[in-house]
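Since the structure comes first, as structure tokens, the remarks are kept for the end.
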2 protein chains.
Amino acid sequence: MDEQLKRILLVEDDPNFGTVLKDYLSMNDYEVTHAKNGMEGFEKFKRGDFDLCILDVMMPYKDGFTLAKEIREKNAEVPIVFLTAKAMKEDVLKGYKVGADDYLNKPFDSEVLLMKIKAIMQRKANDTVADSKQFEFKIGGFDLNSKLRFLTYNGGEQVKLSPKENELLRMLALHENDLMPRELALTKIWRDDNYFTSRSMDVYIAKLRKYLKLDPNVEILNIHGEGFRLVVNQND
Amino acid sequence: MDEQLKRILLVEDDPNFGTVLKDYLSMNDYEVTHAKNGMEGFEKFKRGDFDLCILDVMMPYKDGFTLAKEIREKNAEVPIVFLTAKAMKEDVLKGYKVGADDYLNKPFDSEVLLMKIKAIMQRKANDTVADSKQFEFKIGGFDLNSKLRFLTYNGGEQVKLSPKENELLRMLALHENDLMPRELALTKIWRDDNYFTSRSMDVYIAKLRKYLKLDPNVEILNIHGEGFRLVVNQND
DNA sequence: GTTTTTGTTAATGTAAGGTTAAATGGTAAG
DNA sequence: CTTACCATTTAACCTTACATTAACAAAAAC
């Protein structure tokens with residue numbers, strides 16, 4: 001699998017500071033989603049798949065702590081960093097109680113932020129068993145090499161797969177004969193769950209079905225409203 | 001099984017406040033049923049299946065306490081939260097005596113309400129053994145896979161089931177050879193008990209009977225005015 | 001025997017999924 | 001700088017799946 005860009009959710013209501021910070025992080029090879037308030041932040045969090053959340057503490061409607069708590073309920077793993085203007089001790093305590101991974105006082109040195117981000121990502125990378133590391137699959141008569149992105153049928157011709165084709169087929173293979181929820185592929189591969197990504201996914205399902213037609217025992221079934229199922233019949 | 005939306009019954013006679021609150025909760029991903037007085041509240045409670053009740057204490061004809069008592073008679077589990085304008089101590093006591101889970105004084109911070117709701121739902125989620133987790137059933141010669149929604153007869157052809165077919169058959173299977181009350185399926189699956197949902201359920205019973213005809217030892221019997229019974233005869 | 005409940009089939013409306021082609025956007029070659 | 005190519009998204013349109021409602025028949029209760 002190619003190195004995915006690390007994704008950061010930045011929730012910051014100050015438009016100037018937020019934009020500057022977003023640009024700075026983008027320039028340093030992070031993919032940044034910027035939400036302008038707590039509500040928006042939570043919505044975006046639910047729809048995406050983030051490696052780190054940076055939350056401003058002081059926000060108008062929903063403060064950073066409340067947001068952090070909501071995020072923690074959905075996901076116990078994702079690292080959270082708080083930004084705060086004033087360094088009040090009780091706030092810091094509150095933050096760590098909610099499961100903060102770090103704390104930064106505004107104004108802060110942007111390089112310090114980068115280093116901290118790097119450190120946090122690495123720390124997490126180690127103790128995360130991470131989404132299965134399996135990259136080779138036997139699917140009926142096919143062999144999928146997900147690292148090199150190709151599919152072979154009975155040792156014959158290799159079909160090259162595009163990145164999306166590859167990841168989608170891999171995710172189906174990880175759930176062989178079982179349900180692969182639509183939502184899972186959308187949040188993990190497309191990193192967004194909406195009408196258009198869903199349409200896009202259908203296009204890719206069609207492409208995969210075309211490839212898999214070679215083996216009549218392999219098919220991708222739809223489970224209406226739930227997702228897809230890669231089934232392999234053994235009628236040998 | 002997919003995450004069901006949590007359902008809230010809101011009983012509040014003030015139309016303005018009620019509507020605003022309903023909208024606010026809806027925006028936060030709750031499915032809200034709004035009743036404008038105690039009578040209506042009780043009717044709707046009986047017909048639906050709610051995860052939480054929010055009751056205004058001061059209501060014209062039937063006050064919140066009386067309503068709460070009636071609700072408790074029907075269901076000892078469902079969490080109840082009272083809304084009250086004045087914070088009179090004896091009222092609070094009365095509320096807890098009726099089995100309140102929490103108390104909120106108007107005007108209240110809407111975020112506080114959200115947090116309390118979440119906390120209560122979680123608390124309940126833990127001590128609820130939750131509706132059976134069984135998803136595979138043997139019904140005479142049939143195998144029902146309720147997660148992937150299909151029915152197999154003697155290991156042969158698979159029939160795909162629609163979500164409603166699947167849930168209904170699963171509920172029948174959970175009560176195999178016993179009465180499955182009409183009302184149970186309607187409140188649990190259709191989440192509403194009225195003439196039309198009842199007719200709809202009959203339609204689904206007919207569909208299931210068609211599927212089950214393959215095995216002469218399996219049938220769905222009606223118990224007039226009560227419900228249905230999935231019987232498996234062992235005349236081997 | 002009349003009313004209520006249930007059985008069954010068909011009609012309707014809506015949402016989800018399937019398919020194809022064109023638009024977009026990035027990247028490498030010319 | 002322009003062109004050509006590729007992966008992906010967007011758009012349009014079509015098909016299928018599903019749930020509800022209607023309409024009428026049959027059975028049970030009263």
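Ordered as shown in the structure tokens, chains take letters A, B, and onward, while each chain numbers its residues from 1 and ligands are numbered from 1 in the order shown.
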
Quiz prompt | Polymer residues at most 7 Å from Arg182 in chain B, only C-alpha atoms (C1' of nucleotides), same-chain spacing of 6 or more positions, as a ChimeraX atom specification | solution = /B:226-228

Exercise. Find the residues near His224 in chain B: any atom within 10 Å, counting only C-alpha atoms (C1' of nucleotides), skip ones fewer than 6 places away on the same chain, and give them as a PyMOL selection string.
Key: (chain B and resi 182) or (chain C and resi 5-6) or (chain D and resi 27-29)

Onto chain A, please fit chain B by least squares using all C-alpha atoms in order, then return the transformed chain as an mmCIF file with C-alpha atoms, in the first residue's frame.
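The resulting result_20.cif:
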```
data_model
loop_
_atom_site.group_PDB
_atom_site.id
_atom_site.type_symbol
_atom_site.label_atom_id
_atom_site.label_comp_id
_atom_site.auth_asym_id
_atom_site.auth_seq_id
_atom_site.Cartn_x
_atom_site.Cartn_y
_atom_site.Cartn_z
ATOM 1 C CA MET B 1 2.343 0.777 -0.386
ATOM 2 C CA ASP B 2 3.157 4.420 -0.734
ATOM 3 C CA GLU B 3 3.430 6.795 2.183
ATOM 4 C CA GLN B 4 0.026 8.324 2.746
ATOM 5 C CA LEU B 5 -0.083 11.965 3.689
ATOM 6 C CA LYS B 6 -1.068 12.349 7.304
ATOM 7 C CA ARG B 7 -4.456 13.940 7.712
ATOM 8 C CA ILE B 8 -5.300 16.508 10.326
ATOM 9 C CA LEU B 9 -8.704 17.790 11.336
ATOM 10 C CA LEU B 10 -8.397 21.366 12.574
ATOM 11 C CA VAL B 11 -11.409 22.817 14.360
ATOM 12 C CA GLU B 12 -10.908 26.517 15.062
ATOM 13 C CA ASP B 13 -13.539 29.226 14.961
ATOM 14 C CA ASP B 14 -11.225 32.209 14.585
ATOM 15 C CA PRO B 15 -11.024 32.465 10.790
ATOM 16 C CA ASN B 16 -7.709 34.320 10.726
ATOM 17 C CA PHE B 17 -5.836 32.128 13.105
ATOM 18 C CA GLY B 18 -7.435 29.028 11.640
ATOM 19 C CA THR B 19 -6.399 29.851 8.114
ATOM 20 C CA VAL B 20 -2.865 30.715 9.060
ATOM 21 C CA LEU B 21 -2.463 27.537 11.048
ATOM 22 C CA LYS B 22 -3.968 25.465 8.290
ATOM 23 C CA ASP B 23 -1.576 26.938 5.751
ATOM 24 C CA TYR B 24 1.373 26.408 8.023
ATOM 25 C CA LEU B 25 0.523 22.754 8.522
ATOM 26 C CA SER B 26 -0.164 22.271 4.831
ATOM 27 C CA MET B 27 3.248 23.644 4.026
ATOM 28 C CA ASN B 28 4.676 21.007 6.295
ATOM 29 C CA ASP B 29 3.141 18.171 4.364
ATOM 30 C CA TYR B 30 -0.011 17.545 6.256
ATOM 31 C CA GLU B 31 -3.375 17.362 4.620
ATOM 32 C CA VAL B 32 -5.558 19.675 6.661
ATOM 33 C CA THR B 33 -9.325 19.873 6.866
ATOM 34 C CA HIS B 34 -10.485 23.052 8.546
ATOM 35 C CA ALA B 35 -13.847 23.209 10.328
ATOM 36 C CA LYS B 36 -15.085 26.506 11.663
ATOM 37 C CA ASN B 37 -17.122 25.230 14.593
ATOM 38 C CA GLY B 38 -17.848 22.169 16.648
ATOM 39 C CA MET B 39 -20.826 21.022 14.634
ATOM 40 C CA GLU B 40 -18.971 21.228 11.375
ATOM 41 C CA GLY B 41 -16.001 19.608 13.035
ATOM 42 C CA PHE B 42 -17.981 16.558 14.045
ATOM 43 C CA GLU B 43 -19.583 16.233 10.623
ATOM 44 C CA LYS B 44 -16.213 16.335 8.935
ATOM 45 C CA PHE B 45 -14.756 13.924 11.432
ATOM 46 C CA LYS B 46 -17.433 11.356 10.680
ATOM 47 C CA ARG B 47 -16.900 11.653 6.960
ATOM 48 C CA GLY B 48 -13.149 11.541 6.862
ATOM 49 C CA ASP B 49 -10.364 9.436 8.269
ATOM 50 C CA PHE B 50 -7.976 11.519 10.307
ATOM 51 C CA ASP B 51 -4.662 10.841 11.933
ATOM 52 C CA LEU B 52 -4.925 13.729 14.354
ATOM 53 C CA CYS B 53 -7.495 16.254 15.597
ATOM 54 C CA ILE B 54 -6.552 19.738 16.719
ATOM 55 C CA LEU B 55 -9.443 21.353 18.581
ATOM 56 C CA ASP B 56 -9.836 24.854 19.858
ATOM 57 C CA VAL B 57 -11.315 24.739 23.340
ATOM 58 C CA MET B 58 -13.246 28.001 23.225
ATOM 59 C CA MET B 59 -15.766 27.847 20.460
ATOM 60 C CA PRO B 60 -19.189 29.451 20.287
ATOM 61 C CA TYR B 61 -21.789 26.763 19.954
ATOM 62 C CA LYS B 62 -20.062 23.523 20.824
ATOM 63 C CA ASP B 63 -16.832 23.728 22.784
ATOM 64 C CA GLY B 64 -13.771 21.636 22.187
ATOM 65 C CA PHE B 65 -14.347 19.319 25.139
ATOM 66 C CA THR B 66 -17.831 18.380 24.040
ATOM 67 C CA LEU B 67 -16.575 17.791 20.543
ATOM 68 C CA ALA B 68 -13.730 15.677 21.862
ATOM 69 C CA LYS B 69 -16.153 13.520 23.786
ATOM 70 C CA GLU B 70 -18.213 12.914 20.664
ATOM 71 C CA ILE B 71 -15.125 12.098 18.681
ATOM 72 C CA ARG B 72 -13.977 9.658 21.334
ATOM 73 C CA GLU B 73 -17.309 7.851 21.148
ATOM 74 C CA LYS B 74 -16.761 7.247 17.463
ATOM 75 C CA ASN B 75 -13.076 6.551 17.677
ATOM 76 C CA ALA B 76 -11.071 5.744 20.760
ATOM 77 C CA GLU B 77 -7.743 5.880 18.994
ATOM 78 C CA VAL B 78 -7.342 9.133 17.131
ATOM 79 C CA PRO B 79 -4.984 11.555 18.911
ATOM 80 C CA ILE B 80 -6.504 14.836 20.066
ATOM 81 C CA VAL B 81 -4.643 18.061 20.793
ATOM 82 C CA PHE B 82 -6.349 21.046 22.401
ATOM 83 C CA LEU B 83 -5.628 24.679 21.703
ATOM 84 C CA THR B 84 -6.474 27.143 24.423
ATOM 85 C CA ALA B 85 -5.911 30.838 24.973
ATOM 86 C CA LYS B 86 -5.725 30.781 28.738
ATOM 87 C CA ALA B 87 -3.924 28.113 30.645
ATOM 88 C CA MET B 88 -6.429 27.344 33.343
ATOM 89 C CA LYS B 89 -5.495 24.312 35.276
ATOM 90 C CA GLU B 90 -8.989 22.890 35.527
ATOM 91 C CA ASP B 91 -9.333 23.134 31.771
ATOM 92 C CA VAL B 92 -6.185 21.187 31.275
ATOM 93 C CA LEU B 93 -7.414 18.514 33.635
ATOM 94 C CA LYS B 94 -10.735 18.386 31.867
ATOM 95 C CA GLY B 95 -8.919 18.000 28.585
ATOM 96 C CA TYR B 96 -6.846 15.076 29.675
ATOM 97 C CA LYS B 97 -9.913 13.469 31.157
ATOM 98 C CA VAL B 98 -11.550 13.566 27.749
ATOM 99 C CA GLY B 99 -8.511 11.825 26.357
ATOM 100 C CA ALA B 100 -6.322 14.617 25.110
ATOM 101 C CA ASP B 101 -2.901 13.723 23.867
ATOM 102 C CA ASP B 102 -1.485 17.159 24.315
ATOM 103 C CA TYR B 103 -2.220 20.743 25.181
ATOM 104 C CA LEU B 104 -1.039 23.980 23.650
ATOM 105 C CA ASN B 105 -1.455 27.506 24.917
ATOM 106 C CA LYS B 106 -2.061 30.269 22.440
ATOM 107 C CA PRO B 107 0.023 31.970 21.360
ATOM 108 C CA PHE B 108 2.349 29.052 20.834
ATOM 109 C CA ASP B 109 5.506 28.490 18.891
ATOM 110 C CA SER B 110 4.549 26.956 15.579
ATOM 111 C CA GLU B 111 7.625 24.792 15.594
ATOM 112 C CA VAL B 112 6.712 23.383 18.919
ATOM 113 C CA LEU B 113 3.385 22.411 17.475
ATOM 114 C CA LEU B 114 5.086 20.662 14.590
ATOM 115 C CA MET B 115 7.347 18.722 16.882
ATOM 116 C CA LYS B 116 4.495 17.684 19.082
ATOM 117 C CA ILE B 117 2.489 16.563 16.104
ATOM 118 C CA LYS B 118 5.360 14.490 14.887
ATOM 119 C CA ALA B 119 5.962 12.990 18.291
ATOM 120 C CA ILE B 120 2.322 12.075 18.699
ATOM 121 C CA MET B 121 2.084 10.527 15.262
ATOM 122 C CA GLN B 122 5.114 8.393 15.952
ATOM 123 C CA ARG B 123 3.882 7.306 19.331
ATOM 124 C CA LYS B 124 0.636 6.198 17.737
ATOM 125 C CA ALA B 125 2.385 4.610 14.788
ATOM 126 C CA ASN B 126 4.146 2.255 17.146
ATOM 127 C CA ASP B 127 1.215 0.822 19.034
ATOM 128 C CA THR B 128 -1.002 0.629 15.992
ATOM 129 C CA VAL B 129 -0.735 -2.839 14.570
ATOM 130 C CA ALA B 130 -1.590 -0.949 11.435
ATOM 131 C CA ASP B 131 -4.000 -1.892 8.758
ATOM 132 C CA SER B 132 -3.252 -5.445 7.763
ATOM 133 C CA LYS B 133 -0.075 -5.932 5.826
ATOM 134 C CA GLN B 134 -1.491 -8.656 3.660
ATOM 135 C CA PHE B 135 -1.044 -8.012 -0.034
ATOM 136 C CA GLU B 136 -1.771 -11.360 -1.640
ATOM 137 C CA PHE B 137 -5.151 -12.995 -1.709
ATOM 138 C CA LYS B 138 -6.727 -16.072 -3.188
ATOM 139 C CA ILE B 139 -10.296 -15.366 -4.241
ATOM 140 C CA GLY B 140 -11.875 -18.480 -5.734
ATOM 141 C CA GLY B 141 -9.901 -19.087 -8.905
ATOM 142 C CA PHE B 142 -8.302 -15.679 -8.747
ATOM 143 C CA ASP B 143 -5.051 -14.481 -7.295
ATOM 144 C CA LEU B 144 -4.853 -10.875 -6.273
ATOM 145 C CA ASN B 145 -1.434 -9.313 -6.006
ATOM 146 C CA SER B 146 -2.222 -6.084 -4.294
ATOM 147 C CA LYS B 147 1.293 -4.741 -4.267
ATOM 148 C CA LEU B 148 1.796 -4.993 -8.019
ATOM 149 C CA ARG B 149 -1.879 -4.359 -8.627
ATOM 150 C CA PHE B 150 -2.904 -7.262 -10.790
ATOM 151 C CA LEU B 151 -5.412 -10.063 -10.758
ATOM 152 C CA THR B 152 -4.764 -13.484 -12.281
ATOM 153 C CA TYR B 153 -7.351 -16.115 -13.124
ATOM 154 C CA ASN B 154 -6.165 -19.711 -12.836
ATOM 155 C CA GLY B 155 -2.604 -18.657 -13.425
ATOM 156 C CA GLY B 156 -3.588 -17.285 -16.825
ATOM 157 C CA GLU B 157 -3.801 -13.754 -18.109
ATOM 158 C CA GLN B 158 -3.135 -10.917 -15.720
ATOM 159 C CA VAL B 159 -5.560 -8.032 -15.481
ATOM 160 C CA LYS B 160 -4.036 -4.785 -14.312
ATOM 161 C CA LEU B 161 -5.980 -2.994 -11.616
ATOM 162 C CA SER B 162 -6.149 0.728 -11.059
ATOM 163 C CA PRO B 163 -5.250 1.969 -7.576
ATOM 164 C CA LYS B 164 -8.874 2.333 -6.543
ATOM 165 C CA GLU B 165 -9.923 -1.008 -8.040
ATOM 166 C CA ASN B 166 -7.055 -2.604 -6.230
ATOM 167 C CA GLU B 167 -7.730 -1.095 -2.840
ATOM 168 C CA LEU B 168 -11.409 -1.814 -3.046
ATOM 169 C CA LEU B 169 -10.918 -5.433 -4.012
ATOM 170 C CA ARG B 170 -8.325 -5.808 -1.301
ATOM 171 C CA MET B 171 -10.710 -4.443 1.282
ATOM 172 C CA LEU B 172 -13.421 -6.815 0.106
ATOM 173 C CA ALA B 173 -10.971 -9.691 0.272
ATOM 174 C CA LEU B 174 -10.031 -8.778 3.815
ATOM 175 C CA HIS B 175 -13.713 -9.290 4.680
ATOM 176 C CA GLU B 176 -14.259 -12.319 2.431
ATOM 177 C CA ASN B 177 -17.714 -13.818 2.852
ATOM 178 C CA ASP B 178 -18.452 -11.145 5.397
ATOM 179 C CA LEU B 179 -19.911 -7.671 5.265
ATOM 180 C CA MET B 180 -17.613 -4.932 4.112
ATOM 181 C CA PRO B 181 -19.422 -1.796 5.251
ATOM 182 C CA ARG B 182 -19.846 0.873 2.638
ATOM 183 C CA GLU B 183 -18.724 3.466 5.102
ATOM 184 C CA LEU B 184 -15.466 1.642 5.757
ATOM 185 C CA ALA B 185 -14.365 1.680 2.145
ATOM 186 C CA LEU B 186 -15.422 5.278 1.750
ATOM 187 C CA THR B 187 -13.542 6.581 4.751
ATOM 188 C CA LYS B 188 -10.476 4.378 4.244
ATOM 189 C CA ILE B 189 -10.096 4.479 0.483
ATOM 190 C CA TRP B 190 -11.892 7.613 -0.623
ATOM 191 C CA ARG B 191 -11.183 9.391 2.658
ATOM 192 C CA ASP B 192 -14.531 11.087 2.432
ATOM 193 C CA ASP B 193 -18.062 9.805 2.756
ATOM 194 C CA ASN B 194 -20.601 11.689 0.678
ATOM 195 C CA TYR B 195 -23.029 11.187 -2.172
ATOM 196 C CA PHE B 196 -20.461 11.499 -4.920
ATOM 197 C CA THR B 197 -17.761 9.272 -3.464
ATOM 198 C CA SER B 198 -20.496 6.749 -2.825
ATOM 199 C CA ARG B 199 -21.544 6.863 -6.461
ATOM 200 C CA SER B 200 -17.910 6.561 -7.444
ATOM 201 C CA MET B 201 -17.571 3.469 -5.301
ATOM 202 C CA ASP B 202 -20.572 1.890 -7.031
ATOM 203 C CA VAL B 203 -18.849 2.458 -10.327
ATOM 204 C CA TYR B 204 -15.835 0.576 -9.018
ATOM 205 C CA ILE B 205 -17.962 -2.252 -7.710
ATOM 206 C CA ALA B 206 -19.317 -2.618 -11.239
ATOM 207 C CA LYS B 207 -15.792 -2.748 -12.652
ATOM 208 C CA LEU B 208 -14.731 -5.406 -10.175
ATOM 209 C CA ARG B 209 -17.815 -7.476 -10.929
ATOM 210 C CA LYS B 210 -16.840 -7.441 -14.577
ATOM 211 C CA TYR B 211 -13.374 -8.761 -13.780
ATOM 212 C CA LEU B 212 -14.692 -11.399 -11.408
ATOM 213 C CA LYS B 213 -17.284 -12.737 -13.866
ATOM 214 C CA LEU B 214 -14.670 -15.202 -15.129
ATOM 215 C CA ASP B 215 -15.253 -17.344 -12.075
ATOM 216 C CA PRO B 216 -18.952 -18.192 -11.574
ATOM 217 C CA ASN B 217 -18.262 -19.052 -7.940
ATOM 218 C CA VAL B 218 -17.130 -15.562 -7.056
ATOM 219 C CA GLU B 219 -19.507 -12.645 -6.694
ATOM 220 C CA ILE B 220 -19.971 -9.343 -4.981
ATOM 221 C CA LEU B 221 -23.347 -9.067 -3.289
ATOM 222 C CA ASN B 222 -24.967 -5.906 -2.098
ATOM 223 C CA ILE B 223 -26.472 -5.659 1.341
ATOM 224 C CA HIS B 224 -28.914 -2.861 0.930
ATOM 225 C CA GLY B 225 -28.016 0.153 2.991
ATOM 226 C CA GLU B 226 -25.080 -1.648 4.617
ATOM 227 C CA GLY B 227 -22.365 -2.467 2.181
ATOM 228 C CA PHE B 228 -21.002 -5.320 0.079
ATOM 229 C CA ARG B 229 -20.041 -8.913 0.513
ATOM 230 C CA LEU B 230 -17.438 -10.770 -1.512
ATOM 231 C CA VAL B 231 -18.643 -14.369 -1.553
ATOM 232 C CA VAL B 232 -16.818 -17.431 -2.801
ATOM 233 C CA ASN B 233 -18.996 -20.519 -3.299
ATOM 234 C CA GLN B 234 -17.256 -23.868 -3.196
ATOM 235 C CA ASN B 235 -19.498 -25.952 -5.433
ATOM 236 C CA ASP B 236 -16.626 -28.095 -6.630
#
```

Output the contact residues of chain D with respect to chain B at a cut-off of 9 Å, based on only C-alpha atoms (C1' of nucleotides), as a tab-separated table (two decimals) with C-alpha atoms (C1' of nucleotides), in the first residue's frame.
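Saved result, result.tsv, follows:
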```tsv
chain	number	residue	atom	x	y	z
D	17	DA	C1'	-35.48	-3.54	-4.50
D	18	DC	C1'	-38.35	-2.28	-0.96
D	19	DA	C1'	-42.18	-0.67	1.85
D	20	DT	C1'	-46.64	0.99	1.91
D	21	DT	C1'	-51.25	1.35	0.55
D	28	DA	C1'	-63.17	-15.72	13.07
```

Self-check item: Near-DC13 in chain D list (12 Å; only C-alpha atoms (C1' of nucleotides); drop same-chain fewer than 6 positions) as a list in words
Solution: DG18, DT19, DT20 and DA21 of chain C

Any chance you could export the current selection's N, CA and C atoms (P, O5', C5', C4', C3', O3' and C1' of nucleotides) as a PDB file, in the first residue's frame?
```pdb
ATOM      1  P    DG C  18     -25.120  -2.616  -7.371  1.00  0.00           P
ATOM      2  O5'  DG C  18     -25.526  -2.058  -8.794  1.00  0.00           O
ATOM      3  C5'  DG C  18     -26.525  -2.757  -9.535  1.00  0.00           C
ATOM      4  C4'  DG C  18     -26.430  -2.377 -10.995  1.00  0.00           C
ATOM      5  C3'  DG C  18     -25.025  -2.436 -11.590  1.00  0.00           C
ATOM      6  O3'  DG C  18     -25.128  -3.124 -12.831  1.00  0.00           O
ATOM      7  C1'  DG C  18     -25.957  -0.265 -11.909  1.00  0.00           C
ATOM      8  P    DT C  19     -23.871  -3.407 -13.749  1.00  0.00           P
ATOM      9  O5'  DT C  19     -23.871  -2.159 -14.724  1.00  0.00           O
ATOM     10  C5'  DT C  19     -25.082  -1.833 -15.392  1.00  0.00           C
ATOM     11  C4'  DT C  19     -24.826  -0.721 -16.390  1.00  0.00           C
ATOM     12  C3'  DT C  19     -23.401  -0.693 -16.954  1.00  0.00           C
ATOM     13  O3'  DT C  19     -23.522  -0.643 -18.359  1.00  0.00           O
ATOM     14  C1'  DT C  19     -24.003   1.448 -16.138  1.00  0.00           C
ATOM     15  P    DT C  20     -22.257  -0.922 -19.308  1.00  0.00           P
ATOM     16  O5'  DT C  20     -22.069   0.500 -19.973  1.00  0.00           O
ATOM     17  C5'  DT C  20     -23.230   1.163 -20.484  1.00  0.00           C
ATOM     18  C4'  DT C  20     -22.938   2.633 -20.640  1.00  0.00           C
ATOM     19  C3'  DT C  20     -21.555   2.928 -21.226  1.00  0.00           C
ATOM     20  O3'  DT C  20     -21.748   3.523 -22.505  1.00  0.00           O
ATOM     21  C1'  DT C  20     -22.054   4.353 -19.384  1.00  0.00           C
ATOM     22  P    DA C  21     -20.542   4.033 -23.408  1.00  0.00           P
ATOM     23  O5'  DA C  21     -20.515   5.587 -23.070  1.00  0.00           O
ATOM     24  C5'  DA C  21     -21.751   6.306 -23.080  1.00  0.00           C
ATOM     25  C4'  DA C  21     -21.485   7.739 -22.667  1.00  0.00           C
ATOM     26  C3'  DA C  21     -20.219   8.340 -23.284  1.00  0.00           C
ATOM     27  O3'  DA C  21     -20.496   9.676 -23.647  1.00  0.00           O
ATOM     28  C1'  DA C  21     -20.081   8.459 -20.943  1.00  0.00           C
TER      29       DA C  21
END
```
